[in-house]
file protein-v8.cif (mmCIF, C-alpha atoms and all ligand atoms)
data_model
#
loop_
_atom_site.label_atom_id
_atom_site.label_comp_id
_atom_site.auth_asym_id
_atom_site.auth_seq_id
_atom_site.Cartn_x
_atom_site.Cartn_y
_atom_site.Cartn_z
CA MET A 488 12.42 8.22 1.31
CA ARG A 489 13.75 8.43 4.81
CA LEU A 490 13.25 11.45 7.02
CA ARG A 491 14.77 12.00 10.43
CA ASN A 492 12.76 10.01 12.92
CA ILE A 493 9.96 12.20 14.25
CA PRO A 494 9.16 11.29 17.85
CA GLY A 495 5.46 10.57 18.27
CA ALA A 496 4.84 10.05 14.52
CA ARG A 497 3.48 6.57 15.14
CA ASP A 498 1.11 7.87 17.82
CA VAL A 499 -0.26 10.58 15.51
CA ILE A 500 -0.85 7.96 12.82
CA GLU A 501 -2.48 5.61 15.35
CA GLU A 502 -4.91 8.36 16.30
CA SER A 503 -5.73 9.62 12.81
CA ILE A 504 -9.07 8.53 11.38
CA TRP A 505 -7.42 8.47 7.94
CA ALA A 506 -4.90 5.76 8.83
CA ILE A 507 -6.13 2.18 8.83
CA LYS A 508 -5.27 0.56 12.16
CA ASN A 509 -5.97 -3.05 11.37
CA PRO A 510 -5.39 -3.47 7.63
CA GLU A 511 -5.56 -7.30 7.74
CA GLY A 512 -9.05 -6.96 9.23
CA CYS A 513 -10.13 -4.99 6.13
CA LYS A 514 -9.27 -7.79 3.70
CA GLY A 515 -12.34 -8.39 1.53
CA LYS A 516 -14.10 -5.43 3.18
CA TRP A 517 -12.61 -2.36 1.52
CA LYS A 518 -15.99 -1.40 0.04
CA GLU A 519 -17.28 -1.14 3.61
CA VAL A 520 -14.31 0.98 4.67
CA PHE A 521 -15.09 3.54 1.96
CA GLY A 522 -18.85 3.03 2.14
CA ASN A 523 -19.24 2.64 -1.63
CA ASN A 524 -18.49 0.30 -4.56
CA ASN A 525 -15.96 2.54 -6.28
CA PRO A 526 -12.69 1.03 -7.56
CA VAL A 527 -9.74 0.93 -5.16
CA ARG A 528 -6.30 2.01 -6.41
CA ILE A 529 -3.17 1.83 -4.30
CA GLU A 530 0.30 3.38 -4.34
CA ILE A 531 3.00 1.28 -2.72
CA GLY A 532 5.71 3.49 -1.22
CA MET A 533 3.75 6.74 -1.37
CA GLY A 534 6.35 8.77 0.53
CA LYS A 535 4.71 12.04 1.63
CA GLY A 536 1.71 11.20 -0.52
CA ARG A 537 1.56 14.10 -2.96
CA PHE A 538 0.82 11.94 -6.05
CA ILE A 539 -1.95 9.84 -4.56
CA MET A 540 -3.58 12.81 -2.83
CA ASP A 541 -3.58 14.78 -6.10
CA LEU A 542 -5.22 11.79 -7.80
CA ALA A 543 -7.82 11.50 -5.02
CA ALA A 544 -8.71 15.19 -5.34
CA LEU A 545 -9.07 14.88 -9.13
CA ASN A 546 -11.08 11.63 -9.12
CA PRO A 547 -13.72 11.63 -6.38
CA ASP A 548 -15.31 8.45 -7.82
CA ILE A 549 -12.19 6.38 -7.24
CA ASN A 550 -10.91 5.29 -3.84
CA TYR A 551 -7.19 5.54 -3.08
CA ILE A 552 -4.96 3.94 -0.49
CA GLY A 553 -1.41 5.14 0.13
CA ILE A 554 0.96 2.55 1.59
CA GLU A 555 4.24 3.58 3.22
CA LYS A 556 6.56 1.79 5.62
CA TYR A 557 7.98 4.83 7.46
CA SER A 558 5.76 6.71 9.89
CA SER A 559 7.86 9.90 9.76
CA VAL A 560 7.24 10.10 6.00
CA MET A 561 3.57 9.10 6.14
CA LEU A 562 2.95 11.74 8.80
CA ARG A 563 3.27 14.47 6.14
CA GLY A 564 0.43 12.93 4.15
CA ILE A 565 -1.73 12.57 7.25
CA HIS A 566 -1.22 16.23 8.19
CA LYS A 567 -2.13 17.33 4.68
CA GLN A 568 -5.23 15.13 4.68
CA GLU A 569 -6.33 16.64 7.99
CA GLN A 570 -6.59 19.94 6.10
CA LEU A 571 -8.01 18.56 2.82
CA LEU A 572 -10.43 15.98 4.30
CA LEU A 573 -10.70 14.06 1.03
CA PRO A 574 -13.37 11.36 1.57
CA ASN A 575 -11.81 8.90 -0.92
CA ILE A 576 -8.34 8.33 0.54
CA ARG A 577 -6.89 6.26 3.36
CA PHE A 578 -3.34 5.43 4.47
CA ILE A 579 -1.70 2.25 5.70
CA ARG A 580 1.66 2.21 7.45
CA MET A 581 3.05 -1.19 6.59
CA GLU A 582 5.65 -3.16 4.66
CA ALA A 583 4.34 -4.06 1.22
CA GLU A 584 5.55 -7.66 1.64
CA ILE A 585 2.28 -8.50 3.47
CA ILE A 586 0.01 -6.98 0.83
CA THR A 587 -1.83 -10.24 0.13
CA GLU A 588 -2.93 -10.31 3.78
CA VAL A 589 -4.55 -6.91 3.36
CA PHE A 590 -6.36 -7.18 0.02
CA ASP A 591 -8.49 -10.04 -1.25
CA LYS A 592 -8.43 -11.54 -4.72
CA GLY A 593 -9.39 -8.91 -7.31
CA GLU A 594 -10.00 -6.23 -4.67
CA VAL A 595 -7.50 -3.78 -6.17
CA ASP A 596 -8.22 -2.00 -9.44
CA ARG A 597 -4.77 -0.52 -10.11
CA ILE A 598 -1.32 -0.44 -8.45
CA TYR A 599 1.06 2.50 -8.69
CA LEU A 600 4.79 2.17 -7.99
CA ASN A 601 6.66 5.48 -8.11
CA PHE A 602 10.41 5.86 -7.64
CA SER A 603 10.65 2.63 -5.69
CA ASP A 604 13.80 1.90 -3.69
CA PRO A 605 16.44 0.44 -6.10
CA TRP A 606 17.96 -2.18 -3.76
CA PRO A 607 21.09 -2.28 -5.99
CA LYS A 608 22.68 -5.44 -4.54
CA ASP A 609 21.75 -8.62 -6.47
CA ARG A 610 20.98 -10.48 -3.27
CA HIS A 611 18.29 -7.88 -2.49
CA ALA A 612 16.54 -8.18 -5.88
CA LYS A 613 13.51 -9.80 -4.22
CA ARG A 614 12.90 -6.65 -2.23
CA ARG A 615 12.49 -4.49 -5.35
CA LEU A 616 8.81 -3.62 -5.76
CA PRO A 617 8.72 -4.48 -9.51
CA SER A 618 10.43 -7.89 -8.94
CA ARG A 619 8.75 -11.13 -10.02
CA GLU A 620 8.18 -11.97 -6.34
CA PHE A 621 6.16 -8.78 -5.92
CA LEU A 622 4.43 -9.23 -9.30
CA SER A 623 3.09 -12.56 -8.09
CA ARG A 624 1.69 -10.82 -4.97
CA TYR A 625 0.09 -8.17 -7.20
CA ASP A 626 -1.33 -11.00 -9.31
CA GLU A 627 -3.24 -12.21 -6.24
CA ILE A 628 -4.89 -8.91 -5.35
CA LEU A 629 -5.34 -7.13 -8.69
CA LYS A 630 -8.61 -7.52 -10.60
CA LYS A 631 -8.41 -9.45 -13.88
CA ASP A 632 -7.90 -6.51 -16.25
CA GLY A 633 -6.07 -4.36 -13.68
CA VAL A 634 -2.70 -2.75 -14.39
CA VAL A 635 0.51 -1.88 -12.60
CA GLU A 636 1.97 1.53 -13.47
CA PHE A 637 5.63 2.09 -12.59
CA LYS A 638 7.70 5.29 -12.88
CA THR A 639 11.37 5.79 -12.03
CA ASP A 640 14.47 7.67 -13.16
CA ASN A 641 16.71 4.75 -12.18
CA THR A 642 18.04 3.01 -15.33
CA ASP A 643 19.19 -0.19 -13.60
CA LEU A 644 15.92 -0.58 -11.75
CA PHE A 645 13.87 0.07 -14.89
CA ASP A 646 15.91 -2.42 -16.96
CA PHE A 647 15.44 -4.97 -14.19
CA ALA A 648 11.70 -4.24 -14.00
CA LEU A 649 11.27 -4.77 -17.76
CA GLU A 650 13.14 -8.09 -17.60
CA GLU A 651 10.86 -9.33 -14.83
CA VAL A 652 7.60 -8.79 -16.74
CA ALA A 653 7.54 -11.83 -19.07
CA PRO A 654 8.96 -14.44 -16.64
CA ALA A 655 6.31 -13.36 -14.13
CA GLY A 656 3.58 -13.98 -16.75
CA TRP A 657 2.72 -10.32 -17.35
CA LYS A 658 2.82 -8.27 -20.56
CA ILE A 659 3.88 -4.73 -21.33
CA ASP A 660 0.99 -2.50 -22.45
CA ALA A 661 3.02 0.69 -22.76
CA VAL A 662 6.60 1.77 -22.12
CA THR A 663 8.64 4.96 -22.48
CA ARG A 664 12.14 6.05 -21.54
CA ASP A 665 11.21 9.71 -21.68
CA LEU A 666 7.77 10.16 -20.18
CA HIS A 667 7.75 13.95 -20.22
CA ASN A 668 8.42 13.99 -23.98
CA ASP A 669 5.98 11.19 -24.82
CA PRO A 670 2.74 12.97 -25.75
CA ALA A 671 0.51 9.90 -25.36
CA LEU A 672 1.81 8.61 -22.02
CA ASN A 673 2.40 12.05 -20.57
CA GLU A 674 -1.18 13.15 -21.11
CA GLY A 675 -2.74 13.72 -17.70
CA ASN A 676 0.50 12.69 -15.97
CA ILE A 677 0.51 13.53 -12.27
CA MET A 678 4.02 14.24 -11.01
CA THR A 679 5.30 12.67 -7.82
CA GLU A 680 7.65 14.47 -5.44
CA TYR A 681 10.64 12.47 -6.67
CA GLU A 682 9.60 12.89 -10.28
CA GLU A 683 9.67 16.65 -9.96
CA LYS A 684 12.99 16.60 -8.11
CA PHE A 685 14.79 14.25 -10.52
CA SER A 686 13.36 15.68 -13.74
CA LYS A 687 14.54 19.13 -12.63
CA LEU A 688 18.05 17.65 -12.47
CA GLY A 689 17.65 16.67 -16.13
CA ASN A 690 16.98 12.96 -15.61
CA PRO A 691 14.55 11.37 -18.07
CA ILE A 692 11.61 9.61 -16.42
CA TYR A 693 10.89 6.00 -17.37
CA LYS A 694 7.43 4.47 -17.19
CA TYR A 695 5.72 1.20 -17.96
CA ILE A 696 2.14 -0.02 -17.73
CA ILE A 697 1.78 -3.81 -17.45
CA SER A 698 -1.11 -6.26 -17.19
CA ARG A 699 -1.62 -10.03 -17.26
N1 LIG A 701 6.40 7.58 -4.37
C1 LIG A 701 7.06 8.75 -3.81
C2 LIG A 701 8.21 8.36 -2.87
C3 LIG A 701 9.31 7.59 -3.51
S1 LIG A 701 10.57 7.07 -2.37
C4 LIG A 701 7.53 9.67 -4.92
O1 LIG A 701 7.61 9.22 -6.07
O2 LIG A 701 7.83 10.82 -4.64
C5 LIG A 701 10.09 5.37 -2.09
C6 LIG A 701 9.18 5.24 -0.87
O3 LIG A 701 8.76 3.90 -0.80
C7 LIG A 701 9.89 5.53 0.45
O4 LIG A 701 9.14 6.46 1.19
C8 LIG A 701 9.97 4.17 1.14
O5 LIG A 701 9.92 4.27 2.54
C9 LIG A 701 8.78 3.46 0.55
N2 LIG A 701 8.93 2.00 0.51
C10 LIG A 701 9.97 1.34 -0.03
N3 LIG A 701 9.82 0.00 0.10
C11 LIG A 701 8.63 -0.18 0.71
C12 LIG A 701 7.91 -1.33 1.15
N4 LIG A 701 8.39 -2.55 0.95
N5 LIG A 701 6.73 -1.15 1.76
C13 LIG A 701 6.23 0.11 1.97
N6 LIG A 701 6.87 1.23 1.60
C14 LIG A 701 8.05 1.10 0.98
#
call {"tool": "encode", "arguments": {"input": "protein-v8.cif", "output": "structure tokens"}}
result
Amino acid sequence: MRLRNIPGARDVIEESIWAIKNPEGCKGKWKEVFGNNNPVRIEIGMGKGRFIMDLAALNPDINYIGIEKYSSVMLRGIHKQEQLLLPNIRFIRMEAEIITEVFDKGEVDRIYLNFSDPWPKDRHAKRRLPSREFLSRYDEILKKDGVVEFKTDNTDLFDFALEEVAPAGWKIDAVTRDLHNDPALNEGNIMTEYEEKFSKLGNPIYKYIISR
């Protein structure tokens, strides 16, 4: 998601108490950041943050962190949070490539990837968030029985993501190529902004849940 650059977006984020200023300094200390021992779940590429903020409102006993690389996009989430004041959510403006510098071994309970950038050129495959390179980073930070949940409407990206699972040493716990018509997987589904937009156009939504 890329919005027109909003002048001052970075400054607003810098000043917000909901945005983590020094994420590397929080490594191993996320319990202290939230002030409790609740599980920490993250969304990488949260966009404007609707999905993760809906989850945070529904599940006060779980902590959530939304990660997004663009300040203009993240700004929307910050503004919304300044109204909602949910105690169990924080935001980090960063590139996901450095995720292992921000979370310690086993510190993350679950990882959500929603409508990740497709990076269609082969030479950019490593940048795709469900690539084996990223799965090995998730392996470092995710607790032993933790899962990665991935949703997209992009067929090529989903096919690629499925092919990456076994070589990376993960296994598929659940998979569907039509989430909204899959009673089991769709139960309690929280829609993302892109999910609503693309399903309205008639695109089926793909989803997998994987673990090690
Ligand atoms: N998850 C949202 C937005 C999807 S668009 C939804 O489903 O509605 C994908 C988002 O991921 C964009 O906002 C993009 O800026 C962000 N993103 C892509 N690659 C990223 C990376 N490496 N690190 C952090 N954010 C990333």
call {"tool": "residues_around", "arguments": {"input": "protein-v8.cif", "residues": "A:Trp505", "least_positions_apart": "3", "cutoff": "9 Å", "atoms": "only C-alpha atoms", "output": "list in words"}}
result
Ile500, Glu502, Ile565, Gln568, Glu569, Leu572, Ile576, Arg577, Phe578 and Ile579 of chain A
call {"tool": "residues_near_ligand", "arguments": {"input": "protein-v8.cif", "ligand": "ligand LIG 701 (chain A)", "cutoff": "9 Å", "atoms": "only C-alpha atoms and all ligand atoms", "output": "ChimeraX atom specification"}}
result
/A:488-490,530-539,554-558,560-561,580-586,599-605,614-616,638-639,678-684
call {"tool": "closest_residue", "arguments": {"input": "protein-v8.cif", "among": "A:Val520, A:Leu629, A:Ile697, A:Leu649", "to": "A:Glu594", "atoms": "all atoms listed in the file"}}
result
A:Leu629
call {"tool": "residues_around", "arguments": {"input": "protein-v8.cif", "residues": "A:Arg699", "least_positions_apart": "5", "cutoff": "12 Å", "atoms": "only C-alpha atoms", "output": "MDAnalysis selection string"}}
result
chainID A and resid 622:623 625:627 629:635 652:660
call {"tool": "residues_around", "arguments": {"input": "protein-v8.cif", "residues": "A:Ile529", "least_positions_apart": "4", "cutoff": "6 Å", "atoms": "all atoms listed in the file", "output": "list in words"}}
result
Tyr551, Ile552, Gly553 and Ile598 of chain A
call {"tool": "decode", "arguments": {"input": "protein-v8.cif", "residues": "stretch 509-606 of chain A", "atoms": "C-alpha atoms", "output": "mmCIF file, in the first residue's frame"}}
result
data_model
loop_
_atom_site.group_PDB
_atom_site.id
_atom_site.type_symbol
_atom_site.label_atom_id
_atom_site.label_comp_id
_atom_site.auth_asym_id
_atom_site.auth_seq_id
_atom_site.Cartn_x
_atom_site.Cartn_y
_atom_site.Cartn_z
ATOM 1 C CA ASN A 509 13.701 2.177 19.339
ATOM 2 C CA PRO A 510 12.413 -1.279 18.385
ATOM 3 C CA GLU A 511 15.865 -2.932 18.580
ATOM 4 C CA GLY A 512 16.063 -1.770 22.203
ATOM 5 C CA CYS A 513 12.863 -3.712 22.960
ATOM 6 C CA LYS A 514 14.295 -7.062 21.870
ATOM 7 C CA GLY A 515 13.709 -9.530 24.708
ATOM 8 C CA LYS A 516 11.727 -6.885 26.616
ATOM 9 C CA TRP A 517 8.314 -6.827 24.954
ATOM 10 C CA LYS A 518 6.631 -8.001 28.170
ATOM 11 C CA GLU A 519 7.944 -4.834 29.814
ATOM 12 C CA VAL A 520 6.678 -2.666 26.955
ATOM 13 C CA PHE A 521 3.140 -3.973 27.451
ATOM 14 C CA GLY A 522 3.493 -4.376 31.218
ATOM 15 C CA ASN A 523 2.114 -7.935 31.219
ATOM 16 C CA ASN A 524 2.912 -11.529 30.191
ATOM 17 C CA ASN A 525 0.259 -11.813 27.494
ATOM 18 C CA PRO A 526 1.187 -13.344 24.119
ATOM 19 C CA VAL A 527 2.506 -11.000 21.427
ATOM 20 C CA ARG A 528 1.143 -11.316 17.876
ATOM 21 C CA ILE A 529 2.404 -9.252 14.971
ATOM 22 C CA GLU A 530 1.175 -8.273 11.514
ATOM 23 C CA ILE A 531 3.902 -7.552 8.996
ATOM 24 C CA GLY A 532 2.745 -4.983 6.442
ATOM 25 C CA MET A 533 -0.313 -3.818 8.361
ATOM 26 C CA GLY A 534 -1.137 -0.977 5.963
ATOM 27 C CA LYS A 535 -3.630 1.341 7.692
ATOM 28 C CA GLY A 536 -4.000 -1.220 10.472
ATOM 29 C CA ARG A 537 -7.688 -2.071 10.368
ATOM 30 C CA PHE A 538 -7.203 -5.859 10.793
ATOM 31 C CA ILE A 539 -4.787 -5.732 13.708
ATOM 32 C CA MET A 540 -6.731 -2.999 15.498
ATOM 33 C CA ASP A 541 -9.965 -4.995 15.164
ATOM 34 C CA LEU A 542 -8.149 -8.011 16.635
ATOM 35 C CA ALA A 543 -6.760 -5.909 19.496
ATOM 36 C CA ALA A 544 -10.238 -4.594 20.336
ATOM 37 C CA LEU A 545 -11.683 -8.129 20.315
ATOM 38 C CA ASN A 546 -8.883 -9.764 22.328
ATOM 39 C CA PRO A 547 -7.768 -7.570 25.231
ATOM 40 C CA ASP A 548 -5.670 -10.436 26.678
ATOM 41 C CA ILE A 549 -3.409 -10.587 23.633
ATOM 42 C CA ASN A 550 -0.838 -7.951 22.706
ATOM 43 C CA TYR A 551 -0.545 -6.839 19.085
ATOM 44 C CA ILE A 552 2.159 -5.069 17.125
ATOM 45 C CA GLY A 553 1.544 -3.667 13.655
ATOM 46 C CA ILE A 554 4.618 -3.339 11.452
ATOM 47 C CA GLU A 555 4.603 -1.137 8.348
ATOM 48 C CA LYS A 556 7.386 0.379 6.288
ATOM 49 C CA TYR A 557 5.584 3.518 5.047
ATOM 50 C CA SER A 558 4.900 6.333 7.500
ATOM 51 C CA SER A 559 2.094 7.849 5.386
ATOM 52 C CA VAL A 560 0.187 4.554 5.627
ATOM 53 C CA MET A 561 0.967 3.897 9.286
ATOM 54 C CA LEU A 562 -0.210 7.399 10.166
ATOM 55 C CA ARG A 563 -3.827 6.311 9.577
ATOM 56 C CA GLY A 564 -3.491 3.597 12.208
ATOM 57 C CA ILE A 565 -1.877 5.992 14.667
ATOM 58 C CA HIS A 566 -4.689 8.535 14.238
ATOM 59 C CA LYS A 567 -7.293 5.839 14.790
ATOM 60 C CA GLN A 568 -5.485 4.570 17.888
ATOM 61 C CA GLU A 569 -5.389 8.092 19.305
ATOM 62 C CA GLN A 570 -9.199 7.894 19.369
ATOM 63 C CA LEU A 571 -9.515 4.232 20.453
ATOM 64 C CA LEU A 572 -6.661 4.160 23.020
ATOM 65 C CA LEU A 573 -6.445 0.360 22.964
ATOM 66 C CA PRO A 574 -3.921 -0.622 25.681
ATOM 67 C CA ASN A 575 -2.782 -3.799 23.885
ATOM 68 C CA ILE A 576 -1.450 -2.459 20.576
ATOM 69 C CA ARG A 577 1.741 -0.773 19.423
ATOM 70 C CA PHE A 578 3.157 0.146 16.007
ATOM 71 C CA ILE A 579 6.613 -0.067 14.504
ATOM 72 C CA ARG A 580 7.607 1.769 11.338
ATOM 73 C CA MET A 581 10.316 -0.418 9.878
ATOM 74 C CA GLU A 582 11.323 -2.798 7.105
ATOM 75 C CA ALA A 583 10.507 -6.368 8.066
ATOM 76 C CA GLU A 584 13.964 -7.526 6.915
ATOM 77 C CA ILE A 585 15.373 -6.575 10.353
ATOM 78 C CA ILE A 586 12.726 -8.427 12.347
ATOM 79 C CA THR A 587 15.227 -10.691 14.118
ATOM 80 C CA GLU A 588 16.886 -7.582 15.575
ATOM 81 C CA VAL A 589 13.586 -6.550 17.140
ATOM 82 C CA PHE A 590 12.234 -9.798 18.599
ATOM 83 C CA ASP A 591 14.098 -12.407 20.599
ATOM 84 C CA LYS A 592 13.872 -16.160 20.202
ATOM 85 C CA GLY A 593 10.312 -17.342 20.888
ATOM 86 C CA GLU A 594 9.093 -13.847 21.749
ATOM 87 C CA VAL A 595 6.349 -13.840 19.111
ATOM 88 C CA ASP A 596 3.249 -15.994 19.493
ATOM 89 C CA ARG A 597 1.800 -15.606 15.983
ATOM 90 C CA ILE A 598 2.644 -13.803 12.722
ATOM 91 C CA TYR A 599 0.031 -12.465 10.319
ATOM 92 C CA LEU A 600 0.814 -11.665 6.683
ATOM 93 C CA ASN A 601 -2.091 -10.103 4.802
ATOM 94 C CA PHE A 602 -2.045 -9.183 1.114
ATOM 95 C CA SER A 603 1.727 -8.904 1.075
ATOM 96 C CA ASP A 604 3.434 -7.186 -1.854
ATOM 97 C CA PRO A 605 3.771 -9.747 -4.716
ATOM 98 C CA TRP A 606 7.239 -8.733 -5.993
#
